[in-house]
Amino acid sequence: MTGLEFLGAVMLLVMLAAIFIGLPISFTLLFLALIFGYMGLGSRVFNLAYLQTFGMMKQDEFVAVPMFILMGYVCDQSGMMERLFKAFRDLFAPVRGSLYVVVILTATLFGIAAGTVGATVVLLGILAGPIMIKAGYDVRMSAGAITAGGTLGILIPPSVMLVVMAPVLDISIIDLYASAFGPGFLLSGLYIVYTLGRSFLNPKLGPPVPMEDRPESMKVVLRECLVGLVPVTVLTVLTLGAILAGLTTAAEAAALGALGAVILAICYGKFTVKGFLGACNSTMATASMVLFLAVTSNVFGSVFAWLGTANWITSALLAAPLPAWGTMTLLLTLIFVLGWPFEWPAIVLIFLPLLAPVAKGLGYDMVWFGCVVAVVLQTAFLSPPVAMSAYYLRQVVKEWSLATIYKGMFEFMILQCIAIALIVIFPQIATSFPEQLQAESRAVKTEQVDDSMNRLEGDLLKDTQGEAVGEDGEEEEGGEAEKDLEKDPMSKKSKK
């Protein structure tokens, strides 16, 4: 290790120590980068910070961050989750363990629309907690279903975390979005199968919805499904479909989604000027935090790379006497442990750029790697000692103790580990959809190029033949054009 590499290692250790004692992450990163960068690089560090800041601001993906955040806050206030919950509750009321299914399906669809964790867990706790207590549902499984379902919002698109992660890994946001659908729906399916299976084996864990809480007729059920499910489905299809089909950029689709959320709030009668301004203020605060952290972490990472420590860490991990899957397991375990004290923006923007080159050096697909990292970070939300989802739920359901909530979360942690193992063993779960989209995109581009070249060659040959059969003066021009055409390599290819 050279002197500059050692200086970078000291900078990394000081950064970790400063964050653990409670100093603000963004300012800590910026000051340490400038101080240690000046010690190692001199005044060049200020030029580096300037260029990295403007380079980050030019990335289109970060333009979508404020709009997706606004979409989430407006969805929180629009009454969308209440409508979803009531529609699913009426639909599955006679089924054993129906409230578990209702919670997970509501969290999945609302997570797609809103992309938040804290608000989803809180609203599910308010809506489902009292009904589950009244119906005699198992407390541990109820708490686990609410907290696990609530964390799906950071995994299933249009997740803000995925928007931020894509440029960090230097991959397409469309590919990363497409790859997250498989694991997201896999987890949702595992939750449903687990809760329904245990409820059928032991009816006391999840009895059907009490008769007094069921709808009076099938007409009521259909009306609730029409009002509660169709608008959300249309909103998600328009937002995500436009991105995946390549019709709009992520920023344009995010603006479309935010507008759709406002329209839904108006249709549900929940829109107020005060509430909208509150959502805008919350959006500004959250987006400023994420974007400022993105800039400062980019400056810190650039100084870290210029000092050479990043390459040293990558080389050391690649040279470790472990097979590729062993090194990858080490990386994922490290990310999982970092998920205890740190929020996802810090992990994605600070630590992921240090670990991604190792995965790339091992030959792993970066879209798959980004998807697995997203699932691991989602799992960290369910793991003590931090597990913010448990604290969110405890605040709104006072009858459930924190220890009981932790026990329920642990059951779903096992399902999370099973899902991660399946994605690692069968990477097609994450890669099949983006590969399909890429193949379709290549086919469309190839067809367009072939059509244009055929038209071009046909026009050239038609003009050449027309000039060749003309008058003497024109024939000579045609001969010259023919000579020029023969010099064209595309023309030679067509003649052959």
# chains A, B, ... in the order shown; residues from 1 in each chain; ligands from 1
call {"tool": "closest_atom_pairs", "arguments": {"of": "region 151-239 of chain A", "to": "region 428-437 of chain A", "cutoff": "10 Å", "atoms": "only C-alpha atoms", "output": "tab-separated table"}}
result
residue	atom	partner	partner_atom	distance
A:Ser172	CA	A:Pro434	CA	9.9
A:Ile174	CA	A:Pro434	CA	7.7
A:Asp175	CA	A:Pro434	CA	5.0
A:Leu176	CA	A:Pro434	CA	7.6
A:Tyr177	CA	A:Pro434	CA	8.2
A:Ala178	CA	A:Pro434	CA	5.2
A:Ser179	CA	A:Ala430	CA	4.5
A:Ala180	CA	A:Ala430	CA	6.4
A:Phe181	CA	A:Ala430	CA	7.5
A:Gly182	CA	A:Ile429	CA	5.4
A:Pro183	CA	A:Ala430	CA	6.4
A:Gly184	CA	A:Ala430	CA	9.5
A:Leu186	CA	A:Ile429	CA	8.5
call {"tool": "residues_around", "arguments": {"residues": "Met81 (chain A)", "least_positions_apart": "3", "cutoff": "7 Å", "atoms": "only C-alpha atoms", "output": "PyMOL selection string"}}
result
chain A and resi 84-85+106+110
call {"tool": "closest_residue", "arguments": {"among": "A:Ser98, A:Leu48, A:Leu229, A:Ala64", "to": "Glu82 (chain A)", "atoms": "only C-alpha atoms"}}
result
A:Leu229
call {"tool": "select_by_dssp", "arguments": {"residues": "region 232-277 of chain A", "states": "helix (DSSP H, G or I)", "output": "CSV table (one decimal) with all heavy atoms, in the first residue's frame"}}
result
chain,number,residue,atom,x,y,z
A,232,VAL,N,-55.7,2.8,-9.5
A,232,VAL,CA,-54.3,2.5,-9.2
A,232,VAL,C,-53.6,1.7,-10.3
A,232,VAL,O,-52.4,2.0,-10.6
A,232,VAL,CB,-54.2,1.8,-7.8
A,232,VAL,CG1,-52.8,1.5,-7.5
A,232,VAL,CG2,-54.9,2.6,-6.7
A,233,THR,N,-54.3,0.7,-10.8
A,233,THR,CA,-53.7,-0.1,-11.9
A,233,THR,C,-53.4,0.8,-13.1
A,233,THR,O,-52.4,0.7,-13.7
A,233,THR,CB,-54.7,-1.2,-12.3
A,233,THR,OG1,-55.0,-2.0,-11.1
A,233,THR,CG2,-54.1,-2.1,-13.3
A,234,VAL,N,-54.3,1.7,-13.5
A,234,VAL,CA,-54.1,2.6,-14.6
A,234,VAL,C,-52.9,3.5,-14.4
A,234,VAL,O,-52.1,3.7,-15.3
A,234,VAL,CB,-55.4,3.4,-14.9
A,234,VAL,CG1,-55.1,4.5,-16.0
A,234,VAL,CG2,-56.5,2.5,-15.4
A,235,LEU,N,-52.8,4.0,-13.2
A,235,LEU,CA,-51.7,4.9,-12.8
A,235,LEU,C,-50.4,4.2,-12.9
A,235,LEU,O,-49.4,4.7,-13.5
A,235,LEU,CB,-51.9,5.5,-11.4
A,235,LEU,CG,-50.8,6.4,-10.9
A,235,LEU,CD1,-50.6,7.6,-11.7
A,235,LEU,CD2,-51.0,6.7,-9.4
A,236,THR,N,-50.3,3.0,-12.4
A,236,THR,CA,-49.0,2.3,-12.4
A,236,THR,C,-48.7,1.8,-13.9
A,236,THR,O,-47.5,1.9,-14.3
A,236,THR,CB,-49.1,1.0,-11.5
A,236,THR,OG1,-50.2,0.2,-11.9
A,236,THR,CG2,-49.2,1.4,-10.1
A,237,VAL,N,-49.7,1.4,-14.6
A,237,VAL,CA,-49.4,1.0,-16.0
A,237,VAL,C,-48.9,2.2,-16.8
A,237,VAL,O,-48.0,2.1,-17.6
A,237,VAL,CB,-50.7,0.4,-16.6
A,237,VAL,CG1,-50.5,0.2,-18.2
A,237,VAL,CG2,-51.0,-1.0,-16.0
A,238,LEU,N,-49.5,3.3,-16.7
A,238,LEU,CA,-49.1,4.5,-17.4
A,238,LEU,C,-47.7,4.9,-17.0
A,238,LEU,O,-46.9,5.3,-17.9
A,238,LEU,CB,-50.1,5.7,-17.2
A,238,LEU,CG,-51.5,5.6,-17.8
A,238,LEU,CD1,-52.3,6.8,-17.5
A,238,LEU,CD2,-51.3,5.5,-19.4
A,239,THR,N,-47.4,4.9,-15.7
A,239,THR,CA,-46.1,5.4,-15.3
A,239,THR,C,-45.0,4.4,-15.7
A,239,THR,O,-44.0,4.8,-16.3
A,239,THR,CB,-46.1,5.5,-13.8
A,239,THR,OG1,-47.2,6.5,-13.4
A,239,THR,CG2,-44.8,6.1,-13.3
A,240,LEU,N,-45.2,3.1,-15.3
A,240,LEU,CA,-44.1,2.1,-15.5
A,240,LEU,C,-44.1,1.7,-17.0
A,240,LEU,O,-43.0,1.4,-17.6
A,240,LEU,CB,-44.3,0.9,-14.6
A,240,LEU,CG,-44.1,1.2,-13.1
A,240,LEU,CD1,-44.4,0.0,-12.3
A,240,LEU,CD2,-42.7,1.7,-12.9
A,241,GLY,N,-45.3,1.5,-17.6
A,241,GLY,CA,-45.3,1.1,-19.0
A,241,GLY,C,-44.7,2.1,-19.9
A,241,GLY,O,-44.0,1.7,-20.9
A,242,ALA,N,-44.8,3.4,-19.6
A,242,ALA,CA,-44.1,4.4,-20.5
A,242,ALA,C,-42.6,4.2,-20.4
A,242,ALA,O,-41.9,4.4,-21.4
A,242,ALA,CB,-44.6,5.8,-20.1
A,243,ILE,N,-42.1,3.9,-19.2
A,243,ILE,CA,-40.6,3.8,-19.0
A,243,ILE,C,-40.2,2.5,-19.7
A,243,ILE,O,-39.2,2.5,-20.5
A,243,ILE,CB,-40.3,3.8,-17.5
A,243,ILE,CG1,-40.7,5.1,-16.9
A,243,ILE,CG2,-38.8,3.5,-17.4
A,243,ILE,CD1,-40.4,5.1,-15.4
A,244,LEU,N,-40.8,1.4,-19.4
A,244,LEU,CA,-40.3,0.1,-19.9
A,244,LEU,C,-40.5,0.0,-21.4
A,244,LEU,O,-39.7,-0.7,-22.1
A,244,LEU,CB,-41.1,-1.0,-19.2
A,244,LEU,CG,-40.9,-1.1,-17.7
A,244,LEU,CD1,-41.8,-2.2,-17.2
A,244,LEU,CD2,-39.4,-1.4,-17.4
A,250,ALA,N,-37.3,8.5,-17.6
A,250,ALA,CA,-37.8,8.3,-16.2
A,250,ALA,C,-38.3,9.6,-15.7
A,250,ALA,O,-39.3,9.5,-14.9
A,250,ALA,CB,-36.6,7.8,-15.4
A,251,ALA,N,-37.7,10.7,-16.0
A,251,ALA,CA,-38.2,12.0,-15.5
A,251,ALA,C,-39.6,12.3,-16.0
A,251,ALA,O,-40.4,12.8,-15.3
A,251,ALA,CB,-37.2,13.1,-15.8
A,252,GLU,N,-39.8,12.1,-17.3
A,252,GLU,CA,-41.1,12.4,-17.9
A,252,GLU,C,-42.2,11.4,-17.3
A,252,GLU,O,-43.3,11.9,-17.0
A,252,GLU,CB,-41.0,12.2,-19.4
A,252,GLU,CG,-40.1,13.2,-20.1
A,252,GLU,CD,-39.8,12.9,-21.5
A,252,GLU,OE1,-40.0,11.7,-21.9
A,252,GLU,OE2,-39.3,13.8,-22.2
A,253,ALA,N,-41.8,10.2,-17.1
A,253,ALA,CA,-42.8,9.2,-16.6
A,253,ALA,C,-43.1,9.6,-15.1
A,253,ALA,O,-44.2,9.5,-14.6
A,253,ALA,CB,-42.3,7.8,-16.6
A,254,ALA,N,-42.1,10.1,-14.4
A,254,ALA,CA,-42.3,10.5,-13.0
A,254,ALA,C,-43.2,11.7,-12.9
A,254,ALA,O,-44.1,11.7,-12.0
A,254,ALA,CB,-41.0,10.8,-12.3
A,255,ALA,N,-43.1,12.6,-13.8
A,255,ALA,CA,-44.0,13.8,-13.9
A,255,ALA,C,-45.4,13.3,-14.2
A,255,ALA,O,-46.4,13.8,-13.6
A,255,ALA,CB,-43.5,14.8,-14.9
A,256,LEU,N,-45.5,12.4,-15.1
A,256,LEU,CA,-46.8,11.8,-15.4
A,256,LEU,C,-47.5,11.1,-14.2
A,256,LEU,O,-48.7,11.3,-14.0
A,256,LEU,CB,-46.7,10.9,-16.6
A,256,LEU,CG,-48.0,10.2,-17.1
A,256,LEU,CD1,-48.9,11.2,-17.7
A,256,LEU,CD2,-47.7,9.1,-18.1
A,257,GLY,N,-46.7,10.4,-13.5
A,257,GLY,CA,-47.2,9.7,-12.3
A,257,GLY,C,-47.6,10.7,-11.2
A,257,GLY,O,-48.6,10.5,-10.5
A,258,ALA,N,-46.8,11.8,-11.0
A,258,ALA,CA,-47.2,12.8,-10.0
A,258,ALA,C,-48.5,13.4,-10.4
A,258,ALA,O,-49.4,13.7,-9.6
A,258,ALA,CB,-46.1,13.8,-9.9
A,259,LEU,N,-48.7,13.7,-11.7
A,259,LEU,CA,-49.9,14.3,-12.2
A,259,LEU,C,-51.1,13.4,-12.0
A,259,LEU,O,-52.2,13.8,-11.5
A,259,LEU,CB,-49.8,14.7,-13.6
A,259,LEU,CG,-51.1,15.3,-14.3
A,259,LEU,CD1,-51.5,16.5,-13.6
A,259,LEU,CD2,-50.9,15.5,-15.8
A,260,GLY,N,-50.9,12.1,-12.3
A,260,GLY,CA,-51.9,11.1,-12.1
A,260,GLY,C,-52.3,10.9,-10.6
A,260,GLY,O,-53.5,10.8,-10.3
A,261,ALA,N,-51.3,11.0,-9.7
A,261,ALA,CA,-51.6,11.0,-8.2
A,261,ALA,C,-52.5,12.2,-7.8
A,261,ALA,O,-53.4,12.0,-7.0
A,261,ALA,CB,-50.3,10.9,-7.5
A,262,VAL,N,-52.2,13.3,-8.3
A,262,VAL,CA,-53.0,14.5,-8.0
A,262,VAL,C,-54.4,14.3,-8.5
A,262,VAL,O,-55.4,14.7,-7.8
A,262,VAL,CB,-52.4,15.8,-8.6
A,262,VAL,CG1,-53.3,17.0,-8.5
A,262,VAL,CG2,-51.0,16.1,-8.0
A,263,ILE,N,-54.6,13.8,-9.7
A,263,ILE,CA,-55.9,13.6,-10.3
A,263,ILE,C,-56.7,12.6,-9.4
A,263,ILE,O,-57.9,12.8,-9.2
A,263,ILE,CB,-55.8,13.1,-11.8
A,263,ILE,CG1,-55.2,14.2,-12.6
A,263,ILE,CG2,-57.2,12.7,-12.3
A,263,ILE,CD1,-55.0,13.8,-14.1
A,264,LEU,N,-56.0,11.5,-9.0
A,264,LEU,CA,-56.7,10.5,-8.1
A,264,LEU,C,-57.1,11.2,-6.8
A,264,LEU,O,-58.2,10.9,-6.3
A,264,LEU,CB,-55.7,9.4,-7.8
A,264,LEU,CG,-55.6,8.3,-8.9
A,264,LEU,CD1,-54.7,7.2,-8.4
A,264,LEU,CD2,-57.0,7.7,-9.2
A,265,ALA,N,-56.2,12.0,-6.2
A,265,ALA,CA,-56.6,12.7,-5.0
A,265,ALA,C,-57.9,13.6,-5.2
A,265,ALA,O,-58.7,13.6,-4.3
A,265,ALA,CB,-55.4,13.5,-4.5
A,266,ILE,N,-57.9,14.2,-6.3
A,266,ILE,CA,-59.1,15.0,-6.6
A,266,ILE,C,-60.4,14.1,-6.8
A,266,ILE,O,-61.4,14.4,-6.2
A,266,ILE,CB,-58.9,15.9,-7.9
A,266,ILE,CG1,-57.8,16.9,-7.7
A,266,ILE,CG2,-60.2,16.6,-8.3
A,266,ILE,CD1,-57.4,17.6,-8.9
A,267,CYS,N,-60.2,13.0,-7.5
A,267,CYS,CA,-61.4,12.1,-7.7
A,267,CYS,C,-61.8,11.5,-6.4
A,267,CYS,O,-63.1,11.3,-6.3
A,267,CYS,CB,-61.0,11.1,-8.7
A,267,CYS,SG,-60.7,11.7,-10.4
A,273,VAL,N,-55.5,22.2,-0.9
A,273,VAL,CA,-54.3,23.0,-1.2
A,273,VAL,C,-53.3,22.9,-0.1
A,273,VAL,O,-52.1,22.8,-0.4
A,273,VAL,CB,-54.7,24.5,-1.4
A,273,VAL,CG1,-53.5,25.4,-1.6
A,273,VAL,CG2,-55.7,24.6,-2.6
A,274,LYS,N,-53.8,22.9,1.1
A,274,LYS,CA,-52.8,22.8,2.3
A,274,LYS,C,-52.1,21.4,2.2
A,274,LYS,O,-50.9,21.4,2.4
A,274,LYS,CB,-53.6,22.9,3.6
A,274,LYS,CG,-52.8,22.8,4.8
A,274,LYS,CD,-53.6,23.0,6.1
A,274,LYS,CE,-52.7,22.9,7.3
A,274,LYS,NZ,-53.5,23.0,8.6
A,275,GLY,N,-52.8,20.4,1.9
A,275,GLY,CA,-52.2,19.1,1.8
A,275,GLY,C,-51.2,19.0,0.7
A,275,GLY,O,-50.1,18.4,0.8
A,276,PHE,N,-51.5,19.6,-0.5
A,276,PHE,CA,-50.6,19.6,-1.6
A,276,PHE,C,-49.3,20.4,-1.3
A,276,PHE,O,-48.2,19.9,-1.7
A,276,PHE,CB,-51.3,20.1,-2.8
A,276,PHE,CG,-50.5,20.1,-4.1
A,276,PHE,CD1,-50.1,18.9,-4.7
A,276,PHE,CD2,-50.0,21.3,-4.6
A,276,PHE,CE1,-49.3,18.9,-5.8
A,276,PHE,CE2,-49.2,21.3,-5.8
A,276,PHE,CZ,-48.9,20.1,-6.4
A,277,LEU,N,-49.5,21.5,-0.7
A,277,LEU,CA,-48.3,22.3,-0.3
A,277,LEU,C,-47.5,21.5,0.7
A,277,LEU,O,-46.2,21.6,0.7
A,277,LEU,CB,-48.7,23.7,0.3
A,277,LEU,CG,-49.4,24.6,-0.7
A,277,LEU,CD1,-49.8,25.9,0.0
A,277,LEU,CD2,-48.4,24.9,-1.9
call {"tool": "residues_around", "arguments": {"residues": "Val63 (chain A)", "least_positions_apart": "4", "cutoff": "12 Å", "atoms": "only C-alpha atoms", "output": "list in words"}}
result
Met56, Met57, Lys58, Gln59, Met67, Phe68, Ile69, Val160, Val163, Val164, Pro167, Thr249, Ala250, Ala251, Glu252, Ala253, Ala254, Ala255, Ala287, Ser288, Val290 and Leu291 of chain A
call {"tool": "closest_residue", "arguments": {"among": "A:Lys270, A:Lys360, A:Arg214, A:Arg394", "to": "Ile171 (chain A)", "atoms": "only C-alpha atoms"}}
result
A:Lys360
call {"tool": "closest_residue", "arguments": {"among": "A:Val193, A:Leu29, A:Val358, A:Leu393", "to": "Gly125 (chain A)", "atoms": "only C-alpha atoms"}}
result
A:Leu393
call {"tool": "residues_around", "arguments": {"residues": "Val295 (chain A)", "least_positions_apart": "5", "cutoff": "12 Å", "atoms": "only C-alpha atoms", "output": "number ranges by chain"}}
result
A: 25-27, 29-30, 33, 49-59, 62, 164, 168, 288-290, 300-302, 345-346, 349-350
call {"tool": "write_last_selection", "arguments": {"atoms": "N, CA and C atoms", "output": "tab-separated table (two decimals), in the first residue's frame"}}
result
chain	number	residue	atom	x	y	z
A	25	ILE	N	-24.12	13.17	7.63
A	25	ILE	CA	-23.38	12.39	6.65
A	25	ILE	C	-22.88	13.27	5.50
A	26	SER	N	-23.77	14.09	4.95
A	26	SER	CA	-23.40	14.85	3.75
A	26	SER	C	-22.23	15.80	4.01
A	27	PHE	N	-22.34	16.59	5.07
A	27	PHE	CA	-21.26	17.54	5.37
A	27	PHE	C	-19.97	16.83	5.76
A	29	LEU	N	-18.92	13.94	4.59
A	29	LEU	CA	-18.29	13.47	3.35
A	29	LEU	C	-17.59	14.61	2.62
A	30	LEU	N	-18.25	15.75	2.53
A	30	LEU	CA	-17.68	16.87	1.78
A	30	LEU	C	-16.41	17.40	2.45
A	33	ALA	N	-13.54	14.86	2.22
A	33	ALA	CA	-13.02	14.78	0.86
A	33	ALA	C	-12.11	15.95	0.54
A	49	ALA	N	-13.75	18.50	-7.31
A	49	ALA	CA	-15.07	18.64	-6.68
A	49	ALA	C	-16.02	19.42	-7.57
A	50	TYR	N	-15.51	20.47	-8.21
A	50	TYR	CA	-16.34	21.29	-9.12
A	50	TYR	C	-16.84	20.45	-10.29
A	51	LEU	N	-15.94	19.72	-10.93
A	51	LEU	CA	-16.32	18.93	-12.10
A	51	LEU	C	-17.28	17.80	-11.73
A	52	GLN	N	-17.04	17.16	-10.60
A	52	GLN	CA	-17.92	16.07	-10.18
A	52	GLN	C	-19.31	16.57	-9.84
A	53	THR	N	-19.40	17.75	-9.24
A	53	THR	CA	-20.71	18.31	-8.89
A	53	THR	C	-21.53	18.59	-10.15
A	54	PHE	N	-20.93	19.26	-11.13
A	54	PHE	CA	-21.66	19.57	-12.35
A	54	PHE	C	-21.92	18.31	-13.18
A	55	GLY	N	-21.02	17.34	-13.13
A	55	GLY	CA	-21.27	16.09	-13.82
A	55	GLY	C	-22.46	15.35	-13.24
A	56	MET	N	-22.59	15.37	-11.91
A	56	MET	CA	-23.72	14.72	-11.27
A	56	MET	C	-25.03	15.43	-11.62
A	57	MET	N	-25.01	16.75	-11.69
A	57	MET	CA	-26.22	17.51	-11.98
A	57	MET	C	-26.72	17.28	-13.40
A	58	LYS	N	-25.85	16.83	-14.30
A	58	LYS	CA	-26.24	16.61	-15.69
A	58	LYS	C	-26.84	15.22	-15.92
A	59	GLN	N	-26.85	14.36	-14.91
A	59	GLN	CA	-27.39	13.02	-15.10
A	59	GLN	C	-28.92	13.05	-15.08
A	62	PHE	N	-31.36	11.62	-12.08
A	62	PHE	CA	-31.63	12.33	-10.84
A	62	PHE	C	-32.73	13.38	-11.00
A	164	VAL	N	-31.77	6.03	-8.07
A	164	VAL	CA	-30.47	6.51	-7.61
A	164	VAL	C	-29.39	5.46	-7.88
A	168	VAL	N	-25.23	4.93	-10.39
A	168	VAL	CA	-24.08	4.52	-9.59
A	168	VAL	C	-23.45	3.26	-10.18
A	288	SER	N	-33.93	17.16	-1.50
A	288	SER	CA	-32.69	17.90	-1.21
A	288	SER	C	-31.70	17.02	-0.46
A	289	MET	N	-32.22	16.25	0.49
A	289	MET	CA	-31.34	15.36	1.24
A	289	MET	C	-30.69	14.32	0.33
A	290	VAL	N	-31.50	13.70	-0.54
A	290	VAL	CA	-30.98	12.65	-1.41
A	290	VAL	C	-29.99	13.23	-2.42
A	300	PHE	N	-16.64	12.60	-2.60
A	300	PHE	CA	-15.87	11.74	-1.70
A	300	PHE	C	-15.34	10.53	-2.47
A	301	GLY	N	-16.20	9.89	-3.26
A	301	GLY	CA	-15.77	8.72	-4.01
A	301	GLY	C	-14.71	9.03	-5.04
A	302	SER	N	-14.79	10.21	-5.65
A	302	SER	CA	-13.78	10.58	-6.65
A	302	SER	C	-12.42	10.80	-6.00
A	345	PRO	N	-29.84	5.59	1.14
A	345	PRO	CA	-29.06	6.55	0.33
A	345	PRO	C	-27.56	6.51	0.64
A	346	ALA	N	-27.21	6.36	1.92
A	346	ALA	CA	-25.80	6.32	2.27
A	346	ALA	C	-25.13	5.07	1.72
A	349	LEU	N	-24.95	5.35	-2.26
A	349	LEU	CA	-24.12	6.42	-2.80
A	349	LEU	C	-22.69	6.40	-2.28
A	350	ILE	N	-22.46	5.80	-1.12
A	350	ILE	CA	-21.11	5.81	-0.54
A	350	ILE	C	-20.41	4.46	-0.72
call {"tool": "atom_distance", "arguments": {"atom1": "CA of Ser383 (chain A)", "atom2": "CA of Leu332 (chain A)"}}
result
14.5 Å
call {"tool": "closest_residue", "arguments": {"among": "A:Thr147, A:Leu7, A:Phe185, A:Leu196", "to": "Val95 (chain A)", "atoms": "only C-alpha atoms"}}
result
A:Leu196
call {"tool": "closest_residue", "arguments": {"among": "A:Leu318, A:Ala294, A:Met15, A:Leu334", "to": "Met165 (chain A)", "atoms": "only C-alpha atoms"}}
result
A:Ala294
call {"tool": "closest_residue", "arguments": {"among": "A:Leu402, A:Val375, A:Leu422, A:Leu41", "to": "Arg140 (chain A)", "atoms": "only C-alpha atoms"}}
result
A:Leu402
